[in-house]
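Trainee: Sharing a structure here in structure tokens format.
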Amino acid sequence: MAFALLGGCSVIPKGTPEAPPPVVTTPAPPTSNLPDDEGFHRVALLVPLSGENERAGRSVANAATAALIDTNAQQIRVTTYDTAPGAAAAARQALADGNRLVLGPLMGSNIDAVAGAALPADVPVISFSNDASEGQRGVFLMGTQPGQSIDNTIRYAASRGIRRIAGLVPTGTYGNRAAEGLVSAARTYGVTFTGMERYDRGNTSIRSAALRLKDRGGYDAVLIADSGRLAALAAPVLKPAGDSTQLLGTELWSGDDAIYDNRAMRGAWYSALSDERWPQFSDSYEQRFGGRPFRIATLGYDAVLITLNIARDWRVGDPFPAQRLYSRGGFLGSDGIIRFGSNGVGERAFEMREVRDTSSVTIEDAPTRFAD
């Protein structure tokens, strides 16, 4: 399965896919003895291949391998490096091996270490993180940004008559970014922001916060900026039987079957990357590697597609032409279109979904191209 490209965010997902087998791309040895590879572009893939995030890292790495196979790529060689023992050491080894582009790391907490080694050597970094605070010149972030998801959801809600909105938001980095996105989107689309309640992640805490918000009232809709499991716990408090409150969610609801666990969630809206190509991707992955992929595996696949697109005009031995990554037309991959802003943060296109009894249905398709 190959996806065409058009030239022109880290949260490890919930769920327990089957553990994928060992990565097909060859891990680099401690001391480089890689072949000279004259005529090939060398690209490093930095992901955790051991430790607590091993399964997610291997899923991304296998997907990168799948992209090379599907496109019959002949001009690049991808070598994987394990970031679990140390991201900085992995990046230094990748540079010593002559790689001119880094794909990864997976975790936002590793970006500084990788960028600190790569950028002085004029080697750009295409990370799988969704931590927008790590964006900088030479570092590009492919992960889904919560602020973008929330902006799309508030835009849709406003177009459907929602005029007053409140938020139920966790403490921590993700919650802070979600809160900023909610306030900004409300202002952009002329919706009155009536306030929010914060909570520490936990069953009792989110219910208590929902009760406080319900007692305050004064809203037409509530954005629950958390997983489907926690949203389903808060939903019956915010929307008891007969209540007309519109519940809203974020990209974290995508692929989380817990959103169907409570009837109060029926009719809730949320934004997500298009799943149009996901079933085909997932089935192909399982046939090839013997296990189901993590949802973020498509980041590894699409990173290779972007690299191949740009490699058409990349002469072997030259630095990677990172300026091409800023193309306003963006690139098309398995998760839809993406383009990178001047700060390196990836801009995505989202579809709108509505929660039904046992599934979510698309109520507005994701754009297929950027408007500007």
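If you're wondering about the labels, chains in the structure tokens are A, B, ... by order shown, residues count from 1 in each chain, ligands from 1 in order shown.
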Give the helix (DSSP H, G or I) residues of region 227-327 of chain A, as DSSP finds them on the backbone, and put them as a PyMOL selection string.
Mentor: chain A and resi 228-238+251-253+257-260+263-265+278-289+297-311+322-326
Trainee: Would you mind exporting the chosen residues as a short mmCIF file (atom, residue, chain, number, x, y, z; two decimals), in the first residue's frame, restricted to N, CA and C atoms?
Mentor:
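Listing of selection_23.cif after writing:
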data_model
loop_
_atom_site.label_atom_id
_atom_site.label_comp_id
_atom_site.auth_asym_id
_atom_site.auth_seq_id
_atom_site.Cartn_x
_atom_site.Cartn_y
_atom_site.Cartn_z
N GLY A 228 -11.21 9.55 26.07
CA GLY A 228 -12.59 9.11 26.02
C GLY A 228 -13.04 8.47 27.31
N ARG A 229 -12.15 7.76 27.97
CA ARG A 229 -12.51 7.10 29.23
C ARG A 229 -12.91 8.11 30.29
N LEU A 230 -12.12 9.16 30.45
CA LEU A 230 -12.44 10.17 31.45
C LEU A 230 -13.63 11.02 31.02
N ALA A 231 -13.73 11.29 29.72
CA ALA A 231 -14.89 12.04 29.23
C ALA A 231 -16.19 11.30 29.54
N ALA A 232 -16.17 9.96 29.38
CA ALA A 232 -17.38 9.17 29.65
C ALA A 232 -17.75 9.20 31.13
N LEU A 233 -16.78 9.42 32.01
CA LEU A 233 -17.07 9.53 33.44
C LEU A 233 -17.74 10.87 33.77
N ALA A 234 -17.32 11.91 33.07
CA ALA A 234 -17.85 13.25 33.35
C ALA A 234 -19.17 13.51 32.63
N ALA A 235 -19.40 12.83 31.51
CA ALA A 235 -20.55 13.12 30.65
C ALA A 235 -21.90 13.07 31.37
N PRO A 236 -22.20 12.04 32.17
CA PRO A 236 -23.52 12.01 32.80
C PRO A 236 -23.74 13.11 33.83
N VAL A 237 -22.66 13.66 34.36
CA VAL A 237 -22.79 14.80 35.27
C VAL A 237 -23.14 16.05 34.49
N LEU A 238 -22.48 16.25 33.37
CA LEU A 238 -22.67 17.46 32.56
C LEU A 238 -23.94 17.40 31.73
N GLU A 251 -8.81 15.51 19.90
CA GLU A 251 -8.25 14.41 19.11
C GLU A 251 -7.97 13.17 19.96
N LEU A 252 -7.90 13.31 21.29
CA LEU A 252 -7.65 12.15 22.15
C LEU A 252 -8.79 11.13 22.10
N TRP A 253 -9.95 11.55 21.65
CA TRP A 253 -11.08 10.62 21.57
C TRP A 253 -10.95 9.66 20.39
N ASP A 257 -12.42 3.58 22.33
CA ASP A 257 -13.77 3.00 22.35
C ASP A 257 -14.53 3.33 23.63
N ALA A 258 -13.87 3.89 24.63
CA ALA A 258 -14.55 4.25 25.88
C ALA A 258 -15.59 5.35 25.67
N ILE A 259 -15.51 6.06 24.55
CA ILE A 259 -16.51 7.11 24.31
C ILE A 259 -17.90 6.53 24.07
N TYR A 260 -18.00 5.22 23.89
CA TYR A 260 -19.30 4.59 23.68
C TYR A 260 -19.83 3.94 24.95
N ARG A 263 -24.28 6.56 27.71
CA ARG A 263 -25.27 7.13 26.79
C ARG A 263 -25.19 8.65 26.74
N ALA A 264 -24.72 9.27 27.79
CA ALA A 264 -24.62 10.73 27.79
C ALA A 264 -23.65 11.23 26.73
N MET A 265 -22.78 10.36 26.23
CA MET A 265 -21.81 10.75 25.20
C MET A 265 -22.44 10.78 23.81
N TRP A 278 -6.81 4.62 7.23
CA TRP A 278 -6.33 3.83 8.35
C TRP A 278 -6.65 2.34 8.25
N PRO A 279 -7.87 1.91 7.89
CA PRO A 279 -8.13 0.47 7.81
C PRO A 279 -7.19 -0.24 6.84
N GLN A 280 -6.94 0.37 5.69
CA GLN A 280 -6.04 -0.24 4.72
C GLN A 280 -4.61 -0.29 5.27
N PHE A 281 -4.20 0.82 5.91
CA PHE A 281 -2.86 0.86 6.50
C PHE A 281 -2.71 -0.22 7.57
N SER A 282 -3.69 -0.30 8.47
CA SER A 282 -3.62 -1.23 9.58
C SER A 282 -3.62 -2.68 9.10
N ASP A 283 -4.47 -3.00 8.12
CA ASP A 283 -4.52 -4.36 7.60
C ASP A 283 -3.20 -4.74 6.93
N SER A 284 -2.65 -3.80 6.14
CA SER A 284 -1.39 -4.08 5.46
C SER A 284 -0.27 -4.28 6.47
N TYR A 285 -0.27 -3.47 7.51
CA TYR A 285 0.74 -3.59 8.56
C TYR A 285 0.66 -4.95 9.23
N GLU A 286 -0.56 -5.38 9.57
CA GLU A 286 -0.73 -6.65 10.27
C GLU A 286 -0.28 -7.82 9.39
N GLN A 287 -0.59 -7.77 8.12
CA GLN A 287 -0.17 -8.83 7.21
C GLN A 287 1.35 -8.90 7.11
N ARG A 288 1.98 -7.75 7.16
CA ARG A 288 3.43 -7.69 6.97
C ARG A 288 4.19 -8.00 8.25
N PHE A 289 3.70 -7.50 9.41
CA PHE A 289 4.47 -7.59 10.65
C PHE A 289 3.83 -8.48 11.72
N ALA A 297 1.63 5.03 14.37
CA ALA A 297 2.56 4.42 13.42
C ALA A 297 2.57 5.15 12.09
N THR A 298 1.44 5.74 11.71
CA THR A 298 1.38 6.47 10.44
C THR A 298 2.35 7.63 10.38
N LEU A 299 2.78 8.14 11.55
CA LEU A 299 3.78 9.21 11.55
C LEU A 299 5.09 8.73 10.93
N GLY A 300 5.49 7.51 11.25
CA GLY A 300 6.71 6.97 10.66
C GLY A 300 6.56 6.76 9.17
N TYR A 301 5.40 6.27 8.77
CA TYR A 301 5.13 6.06 7.34
C TYR A 301 5.18 7.38 6.58
N ASP A 302 4.47 8.37 7.10
CA ASP A 302 4.38 9.64 6.39
C ASP A 302 5.69 10.42 6.40
N ALA A 303 6.50 10.25 7.46
CA ALA A 303 7.79 10.92 7.50
C ALA A 303 8.69 10.42 6.36
N VAL A 304 8.62 9.13 6.09
CA VAL A 304 9.39 8.59 4.97
C VAL A 304 8.84 9.10 3.64
N LEU A 305 7.52 9.18 3.50
CA LEU A 305 6.94 9.71 2.27
C LEU A 305 7.39 11.15 2.01
N ILE A 306 7.39 11.96 3.06
CA ILE A 306 7.84 13.35 2.91
C ILE A 306 9.31 13.39 2.49
N THR A 307 10.12 12.55 3.12
CA THR A 307 11.54 12.49 2.77
C THR A 307 11.73 12.11 1.31
N LEU A 308 11.00 11.11 0.85
CA LEU A 308 11.11 10.67 -0.54
C LEU A 308 10.67 11.76 -1.51
N ASN A 309 9.64 12.49 -1.14
CA ASN A 309 9.17 13.59 -2.00
C ASN A 309 10.29 14.60 -2.22
N ILE A 310 10.95 14.98 -1.14
CA ILE A 310 12.00 15.99 -1.22
C ILE A 310 13.28 15.41 -1.82
N ALA A 311 13.50 14.12 -1.66
CA ALA A 311 14.71 13.48 -2.16
C ALA A 311 14.82 13.54 -3.67
N ALA A 322 16.18 21.34 3.81
CA ALA A 322 15.10 21.54 4.78
C ALA A 322 14.13 22.63 4.37
N GLN A 323 14.59 23.60 3.58
CA GLN A 323 13.70 24.69 3.17
C GLN A 323 12.48 24.16 2.45
N ARG A 324 12.61 23.01 1.79
CA ARG A 324 11.48 22.43 1.07
C ARG A 324 10.36 22.01 2.01
N LEU A 325 10.67 21.77 3.27
CA LEU A 325 9.65 21.37 4.22
C LEU A 325 8.65 22.48 4.53
N TYR A 326 9.01 23.71 4.22
CA TYR A 326 8.13 24.85 4.50
C TYR A 326 7.14 25.11 3.35
#
Trainee: Excluding same-chain residues fewer than 2 positions from Asp122 (chain A), what lies within 10 Å of it counting only C-alpha atoms, as a list in words?
Mentor: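 Final neighbour list, sorted by chain and number: Arg100, Leu101, Ala117, Ala118, Leu119, Pro120, Pro124, Val125, Gly138, Pro319, Phe320 and Ala322 of chain A.
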Trainee: Work out how far CA of Leu46 (chain A) is from CA of Ala90 (chain A), in Å to one decimal.
Mentor: 7.2 Å
